[in-house]
Amino acid sequence: MNLADLAWPELGDRRLLAVPLGATEQHGPHLPYTVDTEIAVELCRRLGEARPEVVVAPALPYGSSGEHADFPGTLSIGQEATELLLVELVRSADAFAGVLLVSAHGGNAVPLRRAVAKLRYEGRNVRAWCPDGPADDTHAGRLETSVMLALRPEAVRTNRFEPGETRPLPELIGRLRDEGVRGVSPNGVLGDPARASAEAGRATLSRWADALLEAAAALARDGIM
């Protein structure tokens with residue numbers, strides 16, 4: 001059930017709201033700017049199919065992407081604005097039994113964590129969920145490329161595959177904060193898209209969807225307590 005398709009009398013009472021959170025930022029020379037948003041939307045779509053009481057909100061296609069600012073086309077609203085937006089958005093959703101914020105963009109992690117902490121302190125039933133991945137393949141590498149090959153293969157420029165920085169994220173985090181992604185990886189890739197496949201992407205999406213379903217079940221239980 002998509003909120004975008006409903007009129008207010010059709011909503012019903014005390015449903016769960018899933019909000020896809022993405023970003024508009026560079027994803028290497030081979031993937032589109034909308035990768036994170038598309039992944040969040042697909043996962044919420046699967047959640048809505050599996051749990052009829054879930055209403056899927058329109059996606060938020062902008063987030064905190066300052067680390068990608070040196071690449072043209074990246075659009076970011078920053079950490080402070082992202083946190084404030086999420087707080088006010090969830091505050092406005094008290095008609096729902098709970099809100100699940102589904103973020104497929106790692107740069108949203110800090111403002112998302114702060115927003116959820118504030119909202120839960122206020123007594124609101126809200127949870128955040130983010131997909132996992134290997135520490136040495138965090139941006140536009142094999143994982144995200146495989147997922148996009150499964151979701152929208154025509155958007156993947158397979159002739160432009162090239163490795164980026166493949167050291168694990170914990171080893172890079174200091175430089176990423178100081179220099180941004182371009183200072184660490186000139187092509188914008190943290191990982192290596194080689195050997196990406198639609199089959200691997202489908203398996204990853206299924207695994208993520210199962211984990212998201214568990215998060216929604218926990219949110220539902222919190223709403224009953």
# chains A, B, ... in the order shown; residues from 1 in each chain; ligands from 1
>>> residues_around(residues="range 188-190 of chain A", least_positions_apart="2", cutoff="8 Å", atoms="only C-alpha atoms", output="VMD selection string")
chain A and resid 26 to 29 68 71 136 to 141 163 to 166 181 to 182 185 to 186 192
>>> closest_residue(among="A:Ala216, A:Ala109, A:Val184, A:Cys130", to="Arg167 in chain A", atoms="only C-alpha atoms")
A:Val184
>>> select_by_dssp(residues="range 9-144 of chain A", states="strand (DSSP E or B)", output="list in words")
Leu16, Leu17, Ala18, Val19, Pro20, Leu21, Thr24, His27, Pro29, Leu31, Val54, Val55, Val56, Leu60, Gly63, Leu75, Ser76, Gly98, Val99, Leu100, Leu101, Val102, Ser103, Val126, Arg127, Ala128, Trp129 and His139 of chain A
>>> closest_residue(among="A:Glu67, A:Glu154, A:Glu144, A:Glu179", to="Asp132 in chain A", atoms="only C-alpha atoms")
A:Glu144
>>> closest_residue(among="A:Leu119, A:Ala50, A:Ala23, A:Leu11", to="Gly73 in chain A", atoms="only C-alpha atoms")
A:Ala23
>>> residues_around(residues="Asn108 in chain A", least_positions_apart="5", cutoff="12 Å", atoms="only C-alpha atoms", output="ChimeraX atom specification")
/A:20-24,36-37,60-67,76-83,85-86,101-103,113-116,128-130
>>> atom_distance(atom1="CA of Leu3 in chain A", atom2="CA of Arg221 in chain A")
22.3 Å
>>> residues_around(residues="Lys118 in chain A", least_positions_apart="5", cutoff="12 Å", atoms="only C-alpha atoms", output="PyMOL selection string")
chain A and resi 83-84+86-88+90-91+111-113+123-127
>>> closest_residue(among="A:Met148, A:Ala196, A:Val56, A:Leu17", to="Glu38 in chain A", atoms="only C-alpha atoms")
A:Met148
>>> closest_residue(among="A:Pro170, A:Gly133, A:Pro52, A:Gly107", to="Thr204 in chain A", atoms="only C-alpha atoms")
A:Gly133
>>> select_by_dssp(residues="range 26-192 of chain A", states="alpha helix (DSSP H)", output="number ranges by chain")
A: 35-50, 78-91, 109-121, 142-151, 169-184
>>> closest_residue(among="A:Ile173, A:Leu31, A:Leu16, A:Ala4", to="Pro153 in chain A", atoms="only C-alpha atoms")
A:Leu31
>>> decode(residues="range 113-140 of chain A", atoms="N, CA and C atoms", output="PDB file, in the first residue's frame")
ATOM      1  N   ARG A 113      20.514   8.271  13.517  1.00  0.00           N
ATOM      2  CA  ARG A 113      20.633   7.791  14.900  1.00  0.00           C
ATOM      3  C   ARG A 113      20.205   8.878  15.889  1.00  0.00           C
ATOM      4  N   ARG A 114      20.616  10.102  15.647  1.00  0.00           N
ATOM      5  CA  ARG A 114      20.245  11.197  16.547  1.00  0.00           C
ATOM      6  C   ARG A 114      18.744  11.456  16.517  1.00  0.00           C
ATOM      7  N   ALA A 115      18.176  11.429  15.326  1.00  0.00           N
ATOM      8  CA  ALA A 115      16.742  11.685  15.199  1.00  0.00           C
ATOM      9  C   ALA A 115      15.933  10.610  15.918  1.00  0.00           C
ATOM     10  N   VAL A 116      16.297   9.351  15.729  1.00  0.00           N
ATOM     11  CA  VAL A 116      15.552   8.263  16.364  1.00  0.00           C
ATOM     12  C   VAL A 116      15.674   8.343  17.883  1.00  0.00           C
ATOM     13  N   ALA A 117      16.860   8.659  18.385  1.00  0.00           N
ATOM     14  CA  ALA A 117      17.037   8.785  19.832  1.00  0.00           C
ATOM     15  C   ALA A 117      16.131   9.885  20.386  1.00  0.00           C
ATOM     16  N   LYS A 118      16.074  11.004  19.709  1.00  0.00           N
ATOM     17  CA  LYS A 118      15.223  12.108  20.167  1.00  0.00           C
ATOM     18  C   LYS A 118      13.753  11.721  20.122  1.00  0.00           C
ATOM     19  N   LEU A 119      13.339  11.073  19.059  1.00  0.00           N
ATOM     20  CA  LEU A 119      11.935  10.704  18.888  1.00  0.00           C
ATOM     21  C   LEU A 119      11.511   9.630  19.891  1.00  0.00           C
ATOM     22  N   ARG A 120      12.376   8.682  20.157  1.00  0.00           N
ATOM     23  CA  ARG A 120      12.045   7.650  21.138  1.00  0.00           C
ATOM     24  C   ARG A 120      12.011   8.240  22.550  1.00  0.00           C
ATOM     25  N   TYR A 121      12.856   9.216  22.817  1.00  0.00           N
ATOM     26  CA  TYR A 121      12.804   9.924  24.102  1.00  0.00           C
ATOM     27  C   TYR A 121      11.452  10.614  24.274  1.00  0.00           C
ATOM     28  N   GLU A 122      10.900  11.089  23.164  1.00  0.00           N
ATOM     29  CA  GLU A 122       9.583  11.730  23.192  1.00  0.00           C
ATOM     30  C   GLU A 122       8.433  10.720  23.305  1.00  0.00           C
ATOM     31  N   GLY A 123       8.769   9.432  23.265  1.00  0.00           N
ATOM     32  CA  GLY A 123       7.757   8.405  23.414  1.00  0.00           C
ATOM     33  C   GLY A 123       7.170   7.882  22.126  1.00  0.00           C
ATOM     34  N   ARG A 124       7.786   8.213  20.996  1.00  0.00           N
ATOM     35  CA  ARG A 124       7.252   7.770  19.713  1.00  0.00           C
ATOM     36  C   ARG A 124       7.805   6.398  19.337  1.00  0.00           C
ATOM     37  N   ASN A 125       6.961   5.614  18.680  1.00  0.00           N
ATOM     38  CA  ASN A 125       7.347   4.272  18.242  1.00  0.00           C
ATOM     39  C   ASN A 125       8.017   4.385  16.876  1.00  0.00           C
ATOM     40  N   VAL A 126       9.321   4.463  16.870  1.00  0.00           N
ATOM     41  CA  VAL A 126      10.078   4.646  15.636  1.00  0.00           C
ATOM     42  C   VAL A 126      11.333   3.793  15.697  1.00  0.00           C
ATOM     43  N   ARG A 127      11.676   3.217  14.572  1.00  0.00           N
ATOM     44  CA  ARG A 127      12.916   2.451  14.432  1.00  0.00           C
ATOM     45  C   ARG A 127      13.595   2.839  13.130  1.00  0.00           C
ATOM     46  N   ALA A 128      14.916   2.642  13.102  1.00  0.00           N
ATOM     47  CA  ALA A 128      15.686   2.820  11.875  1.00  0.00           C
ATOM     48  C   ALA A 128      16.244   1.476  11.448  1.00  0.00           C
ATOM     49  N   TRP A 129      16.313   1.275  10.127  1.00  0.00           N
ATOM     50  CA  TRP A 129      16.915   0.055   9.595  1.00  0.00           C
ATOM     51  C   TRP A 129      17.788   0.430   8.409  1.00  0.00           C
ATOM     52  N   CYS A 130      18.979  -0.177   8.368  1.00  0.00           N
ATOM     53  CA  CYS A 130      19.913   0.067   7.266  1.00  0.00           C
ATOM     54  C   CYS A 130      20.475  -1.270   6.789  1.00  0.00           C
ATOM     55  N   PRO A 131      20.678  -1.452   5.499  1.00  0.00           N
ATOM     56  CA  PRO A 131      21.273  -2.695   4.998  1.00  0.00           C
ATOM     57  C   PRO A 131      22.730  -2.819   5.412  1.00  0.00           C
ATOM     58  N   ASP A 132      23.194  -4.057   5.549  1.00  0.00           N
ATOM     59  CA  ASP A 132      24.586  -4.287   5.913  1.00  0.00           C
ATOM     60  C   ASP A 132      25.416  -4.542   4.664  1.00  0.00           C
ATOM     61  N   GLY A 133      26.712  -4.649   4.867  1.00  0.00           N
ATOM     62  CA  GLY A 133      27.614  -4.924   3.751  1.00  0.00           C
ATOM     63  C   GLY A 133      29.036  -5.059   4.256  1.00  0.00           C
ATOM     64  N   PRO A 134      29.936  -5.584   3.430  1.00  0.00           N
ATOM     65  CA  PRO A 134      31.327  -5.767   3.851  1.00  0.00           C
ATOM     66  C   PRO A 134      32.057  -4.439   3.997  1.00  0.00           C
ATOM     67  N   ALA A 135      33.012  -4.395   4.920  1.00  0.00           N
ATOM     68  CA  ALA A 135      33.727  -3.157   5.227  1.00  0.00           C
ATOM     69  C   ALA A 135      34.624  -2.691   4.087  1.00  0.00           C
ATOM     70  N   ASP A 136      34.990  -3.605   3.186  1.00  0.00           N
ATOM     71  CA  ASP A 136      35.879  -3.224   2.073  1.00  0.00           C
ATOM     72  C   ASP A 136      35.110  -3.042   0.757  1.00  0.00           C
ATOM     73  N   ASP A 137      33.795  -2.889   0.866  1.00  0.00           N
ATOM     74  CA  ASP A 137      32.968  -2.744  -0.342  1.00  0.00           C
ATOM     75  C   ASP A 137      31.744  -1.920   0.039  1.00  0.00           C
ATOM     76  N   THR A 138      31.964  -0.626   0.290  1.00  0.00           N
ATOM     77  CA  THR A 138      30.913   0.187   0.895  1.00  0.00           C
ATOM     78  C   THR A 138      30.242   1.173  -0.051  1.00  0.00           C
ATOM     79  N   HIS A 139      30.799   1.385  -1.249  1.00  0.00           N
ATOM     80  CA  HIS A 139      30.191   2.386  -2.122  1.00  0.00           C
ATOM     81  C   HIS A 139      30.528   2.104  -3.588  1.00  0.00           C
ATOM     82  N   ALA A 140      29.483   1.739  -4.339  1.00  0.00           N
ATOM     83  CA  ALA A 140      29.603   1.548  -5.791  1.00  0.00           C
ATOM     84  C   ALA A 140      30.534   0.399  -6.165  1.00  0.00           C
TER      85      ALA A 140
END
